[in-house]
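For reference, input_23.pdb (PDB, C-alpha atoms):
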ATOM      1  CA  GLN A   2    -191.359  36.612  78.158
ATOM      2  CA  CYS A   3    -192.788  39.161  80.623
ATOM      3  CA  ILE A   4    -191.901  42.503  79.045
ATOM      4  CA  GLU A   5    -192.654  43.734  75.555
ATOM      5  CA  VAL A   6    -191.550  46.735  73.549
ATOM      6  CA  PHE A   7    -194.354  48.888  72.156
ATOM      7  CA  VAL A   8    -194.936  52.233  70.498
ATOM      8  CA  SER A   9    -197.199  54.704  72.292
ATOM      9  CA  ASP A  10    -200.128  56.111  70.395
ATOM     10  CA  GLY A  11    -199.983  59.224  72.581
ATOM     11  CA  GLU A  12    -203.090  58.229  74.543
ATOM     12  CA  LEU A  13    -201.528  55.766  76.969
ATOM     13  CA  ASN A  14    -200.702  58.202  79.728
ATOM     14  CA  SER A  15    -202.185  61.379  78.358
ATOM     15  CA  LYS A  16    -203.275  62.538  81.838
ATOM     16  CA  LYS A  17    -199.802  62.083  83.238
ATOM     17  CA  ARG A  18    -197.218  64.743  82.517
ATOM     18  CA  GLY A  19    -193.486  64.746  82.912
ATOM     19  CA  ARG A  20    -190.509  62.550  82.321
ATOM     20  CA  GLY A  21    -191.254  59.144  80.873
ATOM     21  CA  SER A  22    -194.969  59.745  80.531
ATOM     22  CA  GLY A  23    -195.241  58.412  77.002
ATOM     23  CA  SER A  24    -197.749  61.112  76.153
ATOM     24  CA  ARG A  25    -195.963  61.690  72.849
ATOM     25  CA  SER A  26    -197.039  59.663  69.888
ATOM     26  CA  ASN A  27    -194.416  57.174  68.655
ATOM     27  CA  ALA A  28    -192.562  56.991  71.995
ATOM     28  CA  VAL A  29    -191.013  53.561  72.555
ATOM     29  CA  GLY A  30    -191.963  51.979  75.859
ATOM     30  CA  LEU A  31    -191.636  48.742  77.793
ATOM     31  CA  ARG A  32    -194.638  47.112  79.433
ATOM     32  CA  CYS A  33    -195.811  44.020  81.252
ATOM     33  CA  VAL A  34    -197.395  41.611  78.777
ATOM     34  CA  TYR A  35    -199.718  40.242  81.458
ATOM     35  CA  CYS A  36    -201.440  43.460  82.509
ATOM     36  CA  LYS A  37    -201.094  45.604  79.388
ATOM     37  CA  ASN A  38    -204.853  45.451  78.759
ATOM     38  CA  VAL A  39    -205.835  46.110  82.380
ATOM     39  CA  ALA A  40    -207.017  49.583  83.412
ATOM     40  CA  ARG A  41    -204.083  51.715  84.537
ATOM     41  CA  HIS A  42    -205.409  52.134  88.088
ATOM     42  CA  MET A  43    -205.652  48.328  88.437
ATOM     43  CA  ARG A  44    -201.990  47.672  87.560
ATOM     44  CA  ALA A  45    -199.089  47.386  89.991
ATOM     45  CA  ASN A  46    -196.390  50.091  89.820
ATOM     46  CA  GLN A  47    -193.811  49.960  87.033
ATOM     47  CA  ALA A  48    -196.103  48.123  84.597
ATOM     48  CA  VAL A  49    -195.106  50.603  81.876
ATOM     49  CA  SER A  50    -191.950  52.638  81.415
ATOM     50  CA  PHE A  51    -190.556  54.937  78.767
ATOM     51  CA  PRO A  52    -186.756  54.964  78.971
ATOM     52  CA  SER A  53    -185.422  58.138  77.393
ATOM     53  CA  LYS A  54    -182.174  56.517  76.216
ATOM     54  CA  THR A  55    -181.099  53.028  75.226
ATOM     55  CA  ALA A  56    -178.706  53.066  78.179
ATOM     56  CA  TYR A  57    -181.720  53.353  80.518
ATOM     57  CA  ILE A  58    -183.475  50.219  79.252
ATOM     58  CA  TYR A  59    -181.570  48.134  81.801
ATOM     59  CA  GLU A  60    -182.831  50.375  84.617
ATOM     60  CA  SER A  61    -186.415  50.077  83.378
ATOM     61  CA  VAL A  62    -186.168  46.281  83.363
ATOM     62  CA  ARG A  63    -184.627  46.249  86.851
ATOM     63  CA  ASN A  64    -187.387  48.527  88.147
ATOM     64  CA  TYR A  65    -189.944  46.147  86.654
ATOM     65  CA  GLN A  66    -188.253  43.192  88.370
ATOM     66  CA  ARG A  67    -188.015  44.956  91.727
ATOM     67  CA  SER A  68    -191.365  46.740  91.849
ATOM     68  CA  HIS A  69    -193.803  45.163  89.451
ATOM     69  CA  PHE A  70    -193.105  41.483  89.027
ATOM     70  CA  GLU A  71    -194.122  40.165  92.459
ATOM     71  CA  ALA A  72    -196.912  42.738  92.891
ATOM     72  CA  CYS A  73    -198.638  42.072  89.555
ATOM     73  CA  GLU A  74    -201.755  39.952  90.081
ATOM     74  CA  HIS A  75    -201.915  39.107  86.380
ATOM     75  CA  ILE A  76    -198.602  37.282  86.032
ATOM     76  CA  PRO A  77    -199.320  33.534  86.274
ATOM     77  CA  ASP A  78    -197.955  31.741  89.337
ATOM     78  CA  LEU A  79    -196.017  29.328  87.111
ATOM     79  CA  VAL A  80    -194.155  32.241  85.516
ATOM     80  CA  LYS A  81    -193.329  33.704  88.934
ATOM     81  CA  THR A  82    -192.156  30.315  90.238
ATOM     82  CA  THR A  83    -189.982  29.725  87.177
ATOM     83  CA  TYR A  84    -188.438  33.196  87.542
ATOM     84  CA  ARG A  85    -187.698  32.645  91.233
ATOM     85  CA  ASP A  86    -186.134  29.250  90.494
ATOM     86  CA  LEU A  87    -183.916  30.756  87.805
ATOM     87  CA  THR A  88    -182.738  33.564  90.064
ATOM     88  CA  LEU A  89    -181.760  31.072  92.766
ATOM     89  CA  LYS A  90    -179.628  28.919  90.461
ATOM     90  CA  ASN A  91    -175.920  29.500  90.427
ATOM     91  CA  HIS A  92    -175.333  31.126  87.044
ATOM     92  CA  ARG A  93    -172.124  32.594  85.746
ATOM     93  CA  HIS A  94    -172.055  36.158  87.058
ATOM     94  CA  VAL A  95    -172.128  38.760  84.288
ATOM     95  CA  GLN A  96    -171.093  42.249  85.265
ATOM     96  CA  CYS A  97    -173.918  44.756  85.223
ATOM     97  CA  LYS A  98    -172.079  47.098  82.856
ATOM     98  CA  TYR A  99    -172.007  44.414  80.158
ATOM     99  CA  VAL A 100    -175.711  43.687  80.534
ATOM    100  CA  LYS A 101    -176.450  47.413  80.170
ATOM    101  CA  VAL A 102    -174.298  47.672  77.046
ATOM    102  CA  TYR A 103    -175.876  44.507  75.613
ATOM    103  CA  MET A 104    -179.437  45.791  76.159
ATOM    104  CA  ALA A 105    -178.625  49.168  74.614
ATOM    105  CA  GLU A 106    -177.015  47.615  71.557
ATOM    106  CA  ALA A 107    -179.833  45.069  71.167
ATOM    107  CA  ALA A 108    -182.290  47.996  71.161
ATOM    108  CA  ARG A 109    -180.340  49.650  68.350
ATOM    109  CA  GLU A 110    -180.373  46.323  66.479
ATOM    110  CA  ILE A 111    -184.173  46.393  66.359
ATOM    111  CA  GLY A 112    -184.214  49.985  65.124
ATOM    112  CA  MET A 113    -184.511  52.114  68.270
ATOM    113  CA  VAL A 114    -182.901  55.520  68.109
ATOM    114  CA  GLU A 115    -182.427  58.211  70.730
ATOM    115  CA  THR A 116    -183.950  61.607  70.092
ATOM    116  CA  SER A 117    -184.252  64.721  72.214
ATOM    117  CA  ASN A 118    -187.787  63.498  73.013
ATOM    118  CA  GLY A 119    -186.808  59.960  73.984
ATOM    119  CA  LEU A 120    -186.623  56.639  72.177
ATOM    120  CA  ILE A 121    -188.391  56.007  68.888
ATOM    121  CA  PHE A 122    -188.185  53.409  66.142
ATOM    122  CA  GLY A 123    -186.403  55.302  63.404
ATOM    123  CA  ALA A 124    -183.581  53.192  62.033
ATOM    124  CA  PRO A 125    -183.812  50.121  59.864
ATOM    125  CA  PRO A 126    -183.730  47.022  62.069
ATOM    126  CA  ASN A 127    -181.267  44.196  61.605
ATOM    127  CA  THR A 128    -183.417  41.658  59.765
ATOM    128  CA  SER A 129    -180.579  39.299  58.873
ATOM    129  CA  GLY A 130    -181.494  36.821  61.593
ATOM    130  CA  THR A 131    -177.925  37.095  62.895
ATOM    131  CA  PRO A 132    -176.666  39.539  65.520
ATOM    132  CA  SER A 133    -174.316  42.259  64.296
ATOM    133  CA  ARG A 134    -170.576  41.933  64.841
ATOM    134  CA  LYS A 135    -170.790  44.559  67.562
ATOM    135  CA  LEU A 136    -173.491  42.663  69.446
ATOM    136  CA  ILE A 137    -171.575  39.384  69.075
ATOM    137  CA  ALA A 138    -168.470  41.084  70.468
ATOM    138  CA  ILE A 139    -170.453  42.315  73.489
ATOM    139  CA  MET A 140    -171.855  38.818  74.077
ATOM    140  CA  ARG A 141    -168.334  37.323  73.973
ATOM    141  CA  ILE A 142    -167.019  39.815  76.520
ATOM    142  CA  ALA A 143    -169.953  39.240  78.833
TER     143      ALA A 143
END

Output the structure of this file as structure tokens.
Amino acid sequence: QCIEVFVSDGELNSKKRGRGSGSRSNAVGLRCVYCKNVARHMRANQAVSFPSKTAYIYESVRNYQRSHFEACEHIPDLVKTTYRDLTLKNHRHVQCKYVKVYMAEAAREIGMVETSNGLIFGAPPNTSGTPSRKLIAIMRIA
């Protein structure tokens, strides 16, 4: 609900250089849905990230949760309250390694592929409306 996947047009962070800058066209990134249209200098840290591998998507989401979520002035209070309430509830603990594997496989399911220049959409997505056997197996283990 708070993070969306998008494809960079190459202009997003064209002044920023280096790892995860998204200065390449077609780079897959993750961003806050609430401040995506706000000027970059007006956004809290970690509003946008460009994981270089599917295995790093989990880390990007965790960084968003730790650094951006509470600091973002554009996320509605109701969303923040709901998130806090959910994190306080006693849920079945799922090991971090399974969440990482799930996120990486889910990314592949929607067509993300790893390249030497980072993630791009380059494979046909699963449009069946049903998760693949591999993703179902991961969900059962977790």

Exercise. Would you list the contacts of stretch 115-132 of chain A as a VMD selection string, taking every protein, DNA or RNA residue within 9 Å and counting all atoms listed in the file, but skipping same-chain residues closer than 4 positions in sequence?
Key: chain A and resid 8 21 25 27 to 30 51 to 55 107 109 to 111 136 to 137

Would you export the selected residues with C-alpha atoms as a tab-separated table (two decimals), keeping the file's coordinate frame, please?
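And here is the file that came out, out_14.tsv:
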chain	number	residue	atom	x	y	z
A	8	VAL	CA	-194.94	52.23	70.50
A	21	GLY	CA	-191.25	59.14	80.87
A	25	ARG	CA	-195.96	61.69	72.85
A	27	ASN	CA	-194.42	57.17	68.66
A	28	ALA	CA	-192.56	56.99	72.00
A	29	VAL	CA	-191.01	53.56	72.56
A	30	GLY	CA	-191.96	51.98	75.86
A	51	PHE	CA	-190.56	54.94	78.77
A	52	PRO	CA	-186.76	54.96	78.97
A	53	SER	CA	-185.42	58.14	77.39
A	54	LYS	CA	-182.17	56.52	76.22
A	55	THR	CA	-181.10	53.03	75.23
A	107	ALA	CA	-179.83	45.07	71.17
A	109	ARG	CA	-180.34	49.65	68.35
A	110	GLU	CA	-180.37	46.32	66.48
A	111	ILE	CA	-184.17	46.39	66.36
A	136	LEU	CA	-173.49	42.66	69.45
A	137	ILE	CA	-171.58	39.38	69.08

Quiz item: Which residues match the PyMOL selection byres ((chain A and resi 142) around 12) in the file above, as JSON, numbers by chain?
Solution: {"A": [95, 96, 98, 99, 100, 102, 103, 135, 136, 137, 138, 139, 140, 141, 143]}

Practice problem: Pull out every residue that the PyMOL selection byres ((chain A and resi 61-67) around 10) matches in the shown coordinates and put them as a PyMOL selection string. | Solution: chain A and resi 3-4+30-33+45-52+56-60+68-72+104

Quiz item: Quick one: distance from atom CA of A:Ser26 to atom CA of A:Ser9 in Å, one decimal?
Solution: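 Those two atoms sit 5.5 Å apart.
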
Quiz item: Applied to this file, what does the PyMOL selection byres ((chain A and resi 75) around 7) return in terms of residues, put as a ChimeraX atom specification?
Solution: /A:35-36,73-74,76-77

Please save C-alpha atoms of the selected residues as a PDB file, in the frame of the given file.
ATOM      1  CA  TYR A  35    -199.718  40.242  81.458  1.00  0.00           C
ATOM      2  CA  CYS A  36    -201.440  43.460  82.509  1.00  0.00           C
ATOM      3  CA  CYS A  73    -198.638  42.072  89.555  1.00  0.00           C
ATOM      4  CA  GLU A  74    -201.755  39.952  90.081  1.00  0.00           C
ATOM      5  CA  ILE A  76    -198.602  37.282  86.032  1.00  0.00           C
ATOM      6  CA  PRO A  77    -199.320  33.534  86.274  1.00  0.00           C
TER       7      PRO A  77
END

Padding 4 Å on every side, please: axis-aligned box over the listed atoms of stretch 98-111 of chain A, centre and edge lengths to one decimal in Å, as AutoDock Vina command-line options.
--center_x -178.1 --center_y 46.7 --center_z 74.6 --size_x 20.2 --size_y 14.0 --size_z 24.5

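Across A:Val6, A:Val34, A:Leu87, A:Leu79, the tightest approach to A:Met113 is made by A:Val6 when counting all atoms listed in the file.
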
Quiz item: Could you state the separation of atom CA of A:Ala105 and atom CA of A:Thr83 in Å, given to one decimal place?
Solution: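 Interatomic distance here is 25.8 Å.
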
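Atom CA of A:Val80 lies 21.3 Å from atom CA of A:Phe7.
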
Would you fill out stretch 105-116 of chain A with all heavy atoms and return it as a short mmCIF file (atom, residue, chain, number, x, y, z; two decimals), in the frame of the given file?
data_model
loop_
_atom_site.label_atom_id
_atom_site.label_comp_id
_atom_site.auth_asym_id
_atom_site.auth_seq_id
_atom_site.Cartn_x
_atom_site.Cartn_y
_atom_site.Cartn_z
N ALA A 105 -178.62 47.96 75.44
CA ALA A 105 -178.62 49.17 74.61
C ALA A 105 -178.33 48.83 73.15
O ALA A 105 -179.00 49.33 72.24
CB ALA A 105 -177.61 50.17 75.15
N GLU A 106 -177.36 47.98 72.93
CA GLU A 106 -177.02 47.62 71.56
C GLU A 106 -178.12 46.77 70.92
O GLU A 106 -178.43 46.93 69.74
CB GLU A 106 -175.68 46.87 71.52
CG GLU A 106 -175.17 46.60 70.12
CD GLU A 106 -174.98 47.86 69.28
OE1 GLU A 106 -174.64 48.93 69.82
OE2 GLU A 106 -175.16 47.75 68.04
N ALA A 107 -178.73 45.88 71.68
CA ALA A 107 -179.83 45.07 71.17
C ALA A 107 -181.00 45.97 70.76
O ALA A 107 -181.68 45.71 69.75
CB ALA A 107 -180.28 44.04 72.20
N ALA A 108 -181.24 47.04 71.51
CA ALA A 108 -182.29 48.00 71.16
C ALA A 108 -181.99 48.67 69.82
O ALA A 108 -182.87 48.84 68.98
CB ALA A 108 -182.44 49.04 72.26
N ARG A 109 -180.73 49.04 69.63
CA ARG A 109 -180.34 49.65 68.35
C ARG A 109 -180.50 48.64 67.21
O ARG A 109 -180.87 49.01 66.10
CB ARG A 109 -178.91 50.18 68.43
CG ARG A 109 -178.81 51.46 69.26
CD ARG A 109 -177.44 52.09 69.19
NE ARG A 109 -176.49 51.43 70.08
CZ ARG A 109 -176.36 51.71 71.38
NH1 ARG A 109 -177.13 52.63 71.94
NH2 ARG A 109 -175.48 51.08 72.11
N GLU A 110 -180.24 47.38 67.50
CA GLU A 110 -180.37 46.32 66.48
C GLU A 110 -181.81 46.21 65.96
O GLU A 110 -182.02 45.83 64.82
CB GLU A 110 -179.97 44.96 67.04
CG GLU A 110 -178.50 44.80 67.26
CD GLU A 110 -177.84 43.93 66.21
OE1 GLU A 110 -178.44 42.95 65.73
OE2 GLU A 110 -176.69 44.25 65.89
N ILE A 111 -182.78 46.50 66.82
CA ILE A 111 -184.17 46.39 66.36
C ILE A 111 -184.72 47.73 65.86
O ILE A 111 -185.90 47.84 65.58
CB ILE A 111 -185.10 45.78 67.44
CG1 ILE A 111 -185.19 46.64 68.69
CG2 ILE A 111 -184.68 44.35 67.76
CD1 ILE A 111 -186.27 46.20 69.68
N GLY A 112 -183.84 48.73 65.75
CA GLY A 112 -184.21 49.98 65.12
C GLY A 112 -184.52 51.14 66.05
O GLY A 112 -184.98 52.19 65.60
N MET A 113 -184.27 50.99 67.35
CA MET A 113 -184.51 52.11 68.27
C MET A 113 -183.43 53.16 68.10
O MET A 113 -182.25 52.83 67.94
CB MET A 113 -184.50 51.64 69.72
CG MET A 113 -185.75 50.98 70.17
SD MET A 113 -185.66 50.70 71.96
CE MET A 113 -186.66 49.24 72.08
N VAL A 114 -183.84 54.41 68.14
CA VAL A 114 -182.90 55.52 68.11
C VAL A 114 -183.26 56.51 69.20
O VAL A 114 -184.42 56.66 69.58
CB VAL A 114 -182.87 56.24 66.73
CG1 VAL A 114 -182.31 55.33 65.66
CG2 VAL A 114 -184.22 56.75 66.35
N GLU A 115 -182.23 57.19 69.71
CA GLU A 115 -182.43 58.21 70.73
C GLU A 115 -182.68 59.55 70.06
O GLU A 115 -182.00 59.91 69.11
CB GLU A 115 -181.18 58.30 71.61
CG GLU A 115 -180.94 57.05 72.43
CD GLU A 115 -179.66 57.12 73.26
OE1 GLU A 115 -179.05 58.20 73.37
OE2 GLU A 115 -179.29 56.07 73.80
N THR A 116 -183.67 60.25 70.56
CA THR A 116 -183.95 61.61 70.09
C THR A 116 -184.01 62.52 71.32
O THR A 116 -183.99 62.03 72.45
CB THR A 116 -185.30 61.69 69.34
OG1 THR A 116 -186.37 61.55 70.28
CG2 THR A 116 -185.40 60.64 68.24
#
